[in-house]
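Encoded as structure tokens, the structure appears first; notes follow it.
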Amino acid sequence: MLISIVVPCFNEEEIIGRFHAHVTAELDLLGQEFELVYVDDGSQDRTLDLLQEIAGADSRTRYVSFSRNFGKEAAMLAGLQHADGDAVVIMDADLQHPPELVRRMLALHEDGFDQVIAKRTRKGDRVTRTVTARAYYWLINRLVDVELVDGVGDFRLLSRRTVDAILELTEYNRFSKGIFAWVGFRTTTFEYENAVREQGRSKWSFGKLLNYGLDGLLSFNDKPLRAAIYLGMLLLGVAMVYASWIVGVAMVNGVDTPGYVTLLVAVIALAGVQMLMLGVVGEYVGRIYYEVKRRPHFLVKATNAGLPRRDDDRN
Ligand code: UDP
Ligand code: MG
């Protein structure tokens, strides 16, 4: 059995050498055949040079390097396309995903699980981030069709057929948390203690997280569009009741002209709701726009990995 380790790397020069040493040492202990597929996501530092050095010294290593930063989702896709393994493990380059856990993943895979997910605890995270994450997942699981779990990331083992299924999904907007959940197959989860990043820093800013959150909400269902319809009906109902009440009062008491504030508030509130809903519709139109362009997910600048094992016509 061949095991592929897919590693997206973006500006990881400080740690990539150590990562490689650590992961190969760990995998050697398993006594299984393995390969490493590094994807350099357009790093601006020496990551690519180091990967080339590593690949020169270790024939089990392949790398794919992008022409610019296309994002971790694209990097994972490239890695999965190039992975030849019967089982594929996706792992971060920053050693936050302990390579020791691969053993456990493999054992569970041998028990018949297609996806073995390592779920991290939120130990060492800032309280604000933990609380927002909780609230977000509580909310989103009421809204979207696939189940998204807090602490579950991309660190997981995938069986061959799961990888093939994932590669069938060729959408441009790749929200992999949703994609993994969507393909299904026999899935199991185990917990591990979160490790704090040792070197370099996280590429997640608050703005990026916010956008990621919105992606989660919009990528996997059309419920926000439904919500617009229901909200519209509700407002229309309220307006009709209020209108008949005003007419009634006018018929009984005659006409007078108060209500300037009511008018103003109603106009502003409705304008706000309309903007919001226009934004929701716009998001979907924007997604369609990107999908119909059918641009490749990434462009390759340098590689020693040959052609991808599996490819759709635009990566
Ligand atoms: N990464 C990437 N492209 C990006 C951002 C990140 O390939 O645009 C890689 C990064 O090198 C790392 C992994 O994705 O291996 C996770 O990134 P990071 O550690 O910054 O995220 P966090 O652990 O904070 O969620
Ligand atoms: Mg990290």
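Just remember, in the structure tokens the first chain shown is A, the second B, etc., residues are 1-based per chain, and ligands are 1-based in the order shown.
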Using only C-alpha atoms, tabulate the residues of stretch 107-145 of chain A lying at most 8 Å from any atom of stretch 186-196 of chain A, each with its closest atom pair and that distance in Å to one decimal, by chain and increasing residue number, as JSON lines.
{"residue": "A:Gly112", "atom": "CA", "partner": "A:Arg186", "partner_atom": "CA", "distance": 7.6}
{"residue": "A:Phe113", "atom": "CA", "partner": "A:Arg186", "partner_atom": "CA", "distance": 5.1}
{"residue": "A:Asp114", "atom": "CA", "partner": "A:Arg186", "partner_atom": "CA", "distance": 5.2}
{"residue": "A:Gln115", "atom": "CA", "partner": "A:Thr187", "partner_atom": "CA", "distance": 4.6}
{"residue": "A:Val116", "atom": "CA", "partner": "A:Thr188", "partner_atom": "CA", "distance": 5.2}
{"residue": "A:Ile117", "atom": "CA", "partner": "A:Thr189", "partner_atom": "CA", "distance": 4.6}
{"residue": "A:Ala118", "atom": "CA", "partner": "A:Phe190", "partner_atom": "CA", "distance": 5.2}
{"residue": "A:Lys119", "atom": "CA", "partner": "A:Glu191", "partner_atom": "CA", "distance": 4.6}
{"residue": "A:Arg120", "atom": "CA", "partner": "A:Tyr192", "partner_atom": "CA", "distance": 5.1}
{"residue": "A:Thr121", "atom": "CA", "partner": "A:Asn194", "partner_atom": "CA", "distance": 5.3}
{"residue": "A:Arg122", "atom": "CA", "partner": "A:Asn194", "partner_atom": "CA", "distance": 6.3}
{"residue": "A:Lys123", "atom": "CA", "partner": "A:Asn194", "partner_atom": "CA", "distance": 5.8}
{"residue": "A:Gly124", "atom": "CA", "partner": "A:Val196", "partner_atom": "CA", "distance": 6.7}
Next on the checklist: Considering only helix (DSSP H, G or I) as DSSP defines it on the backbone, what residues of stretch 16-81 of chain A qualify? List them as number ranges by chain.
Outcome noted: A: 16-30, 47-57, 72-81
Next on the checklist: I'd like the contact shell of A:Glu35 - 6 Å cut-off, only C-alpha atoms, skipping same-chain residues fewer than 5 positions apart - returned as a VMD selection string.
Outcome noted: chain A and resid 4 60 to 61
Would you save the residues of that selection, restricted to C-alpha atoms, as a short mmCIF file (atom, residue, chain, number, x, y, z; two decimals), in the first residue's frame?
data_model
loop_
_atom_site.label_atom_id
_atom_site.label_comp_id
_atom_site.auth_asym_id
_atom_site.auth_seq_id
_atom_site.Cartn_x
_atom_site.Cartn_y
_atom_site.Cartn_z
CA SER A 4 0.71 9.94 -0.15
CA ARG A 60 10.10 9.95 -2.54
CA THR A 61 9.45 13.68 -2.75
#
Item to check | strand (DSSP E) per DSSP on the backbone: members of stretch 170-311 of chain A, as a list in words | outcome: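 Checking each residue of stretch 170-311 of chain A, the strand (DSSP E) ones are Thr187, Thr188, Thr189, Phe190, Glu191, Tyr192, Val300, Lys301, Ala302 and Thr303 of chain A.
Nearest residue to A:Arg156, choosing from A:Val144, A:Met91, A:Val64, A:Ala227 and counting only C-alpha atoms: A:Met91.
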Give me the residues within 9 Å of stretch 287-299 of chain A as a CSV table (one decimal) with N, CA and C atoms, in the first residue's frame, counting only C-alpha atoms and dropping any in the same chain fewer than 3 places off.
chain,number,residue,atom,x,y,z
A,65,SER,N,4.9,23.7,-8.0
A,65,SER,CA,5.0,25.1,-7.6
A,65,SER,C,4.1,26.0,-8.5
A,66,PHE,N,3.3,26.8,-7.8
A,66,PHE,CA,2.3,27.7,-8.5
A,66,PHE,C,3.0,29.0,-9.0
A,67,SER,N,2.4,29.6,-10.0
A,67,SER,CA,3.0,30.8,-10.6
A,67,SER,C,2.7,32.0,-9.6
A,68,ARG,N,1.7,31.9,-8.8
A,68,ARG,CA,1.5,32.9,-7.7
A,68,ARG,C,0.7,32.2,-6.6
A,69,ASN,N,0.3,33.0,-5.6
A,69,ASN,CA,-0.5,32.5,-4.5
A,69,ASN,C,-2.0,32.2,-5.0
A,70,PHE,N,-2.4,31.0,-5.0
A,70,PHE,CA,-3.7,30.7,-5.4
A,70,PHE,C,-4.6,30.3,-4.3
A,74,ALA,N,-6.7,25.6,-3.6
A,74,ALA,CA,-6.1,25.3,-4.9
A,74,ALA,C,-4.9,24.4,-4.7
A,75,ALA,N,-4.1,24.7,-3.7
A,75,ALA,CA,-2.9,23.9,-3.4
A,75,ALA,C,-3.3,22.5,-3.0
A,77,LEU,N,-6.0,20.9,-3.9
A,77,LEU,CA,-6.5,20.3,-5.2
A,77,LEU,C,-5.3,19.8,-6.0
A,78,ALA,N,-4.3,20.6,-6.2
A,78,ALA,CA,-3.2,20.2,-7.0
A,78,ALA,C,-2.5,19.0,-6.3
A,171,GLU,N,-15.8,22.4,-9.2
A,171,GLU,CA,-16.2,23.8,-9.0
A,171,GLU,C,-15.0,24.7,-8.7
A,172,TYR,N,-15.1,26.0,-9.1
A,172,TYR,CA,-14.0,26.9,-9.0
A,172,TYR,C,-13.9,27.4,-7.6
A,173,ASN,N,-15.0,27.7,-7.0
A,173,ASN,CA,-15.0,28.1,-5.6
A,173,ASN,C,-14.9,26.9,-4.7
A,219,SER,N,-21.5,28.7,-0.1
A,219,SER,CA,-21.0,27.7,-1.1
A,219,SER,C,-21.9,26.5,-1.2
A,282,GLY,N,-26.3,39.0,-5.4
A,282,GLY,CA,-25.0,39.3,-6.1
A,282,GLY,C,-23.9,38.3,-5.8
A,283,GLU,N,-23.9,37.8,-4.6
A,283,GLU,CA,-22.9,36.8,-4.3
A,283,GLU,C,-23.1,35.6,-5.2
A,284,TYR,N,-24.3,35.1,-5.4
A,284,TYR,CA,-24.5,34.0,-6.2
A,284,TYR,C,-24.2,34.3,-7.7
A,313,ASP,N,-10.4,19.2,-17.4
A,313,ASP,CA,-9.8,19.9,-18.5
A,313,ASP,C,-9.3,21.3,-18.1
A,314,ARG,N,-9.5,21.7,-16.9
A,314,ARG,CA,-8.9,23.0,-16.4
A,314,ARG,C,-8.2,22.8,-15.1
A,315,ASN,N,-7.5,21.8,-14.9
A,315,ASN,CA,-6.9,21.3,-13.6
A,315,ASN,C,-8.0,20.7,-12.7
Item to check | Nearest candidate to ligand 1 (options A:Leu209, A:Val183, A:Glu168, A:Leu27; using only C-alpha atoms and all ligand atoms) | outcome: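 Among the listed residues, the smallest separation from ligand 1 belongs to A:Leu209.
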Item to check | Exercise answer, 8 Å around ligand 1 with only C-alpha atoms and all ligand atoms, as a list in words | outcome: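 I would give the residues around ligand 1 as Val7, Pro8, Cys9, Phe10, Asn11, Glu12, Val39, Asp40, Asp41, Gly42, Asn69, Phe70, Gly71, Lys72, Glu73, Ala75, Met76, Met91, Asp92, Ala93, Asp94, Gln96, Arg197, Arg201, Ser202, Lys203 and Trp204 of chain A.
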Next on the checklist: Please compute the atom CA of A:Phe180-atom CA of A:Ile166 distance, one decimal, in Å.
Outcome noted: 7.3 Å
Next on the checklist: So, with only C-alpha atoms and all ligand atoms as the atoms that count, which of A:Met251, A:Leu95, A:Leu235, A:Leu29 lies closest to ligand 2?
Outcome noted: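 The closest residue to ligand 2 is A:Leu95.
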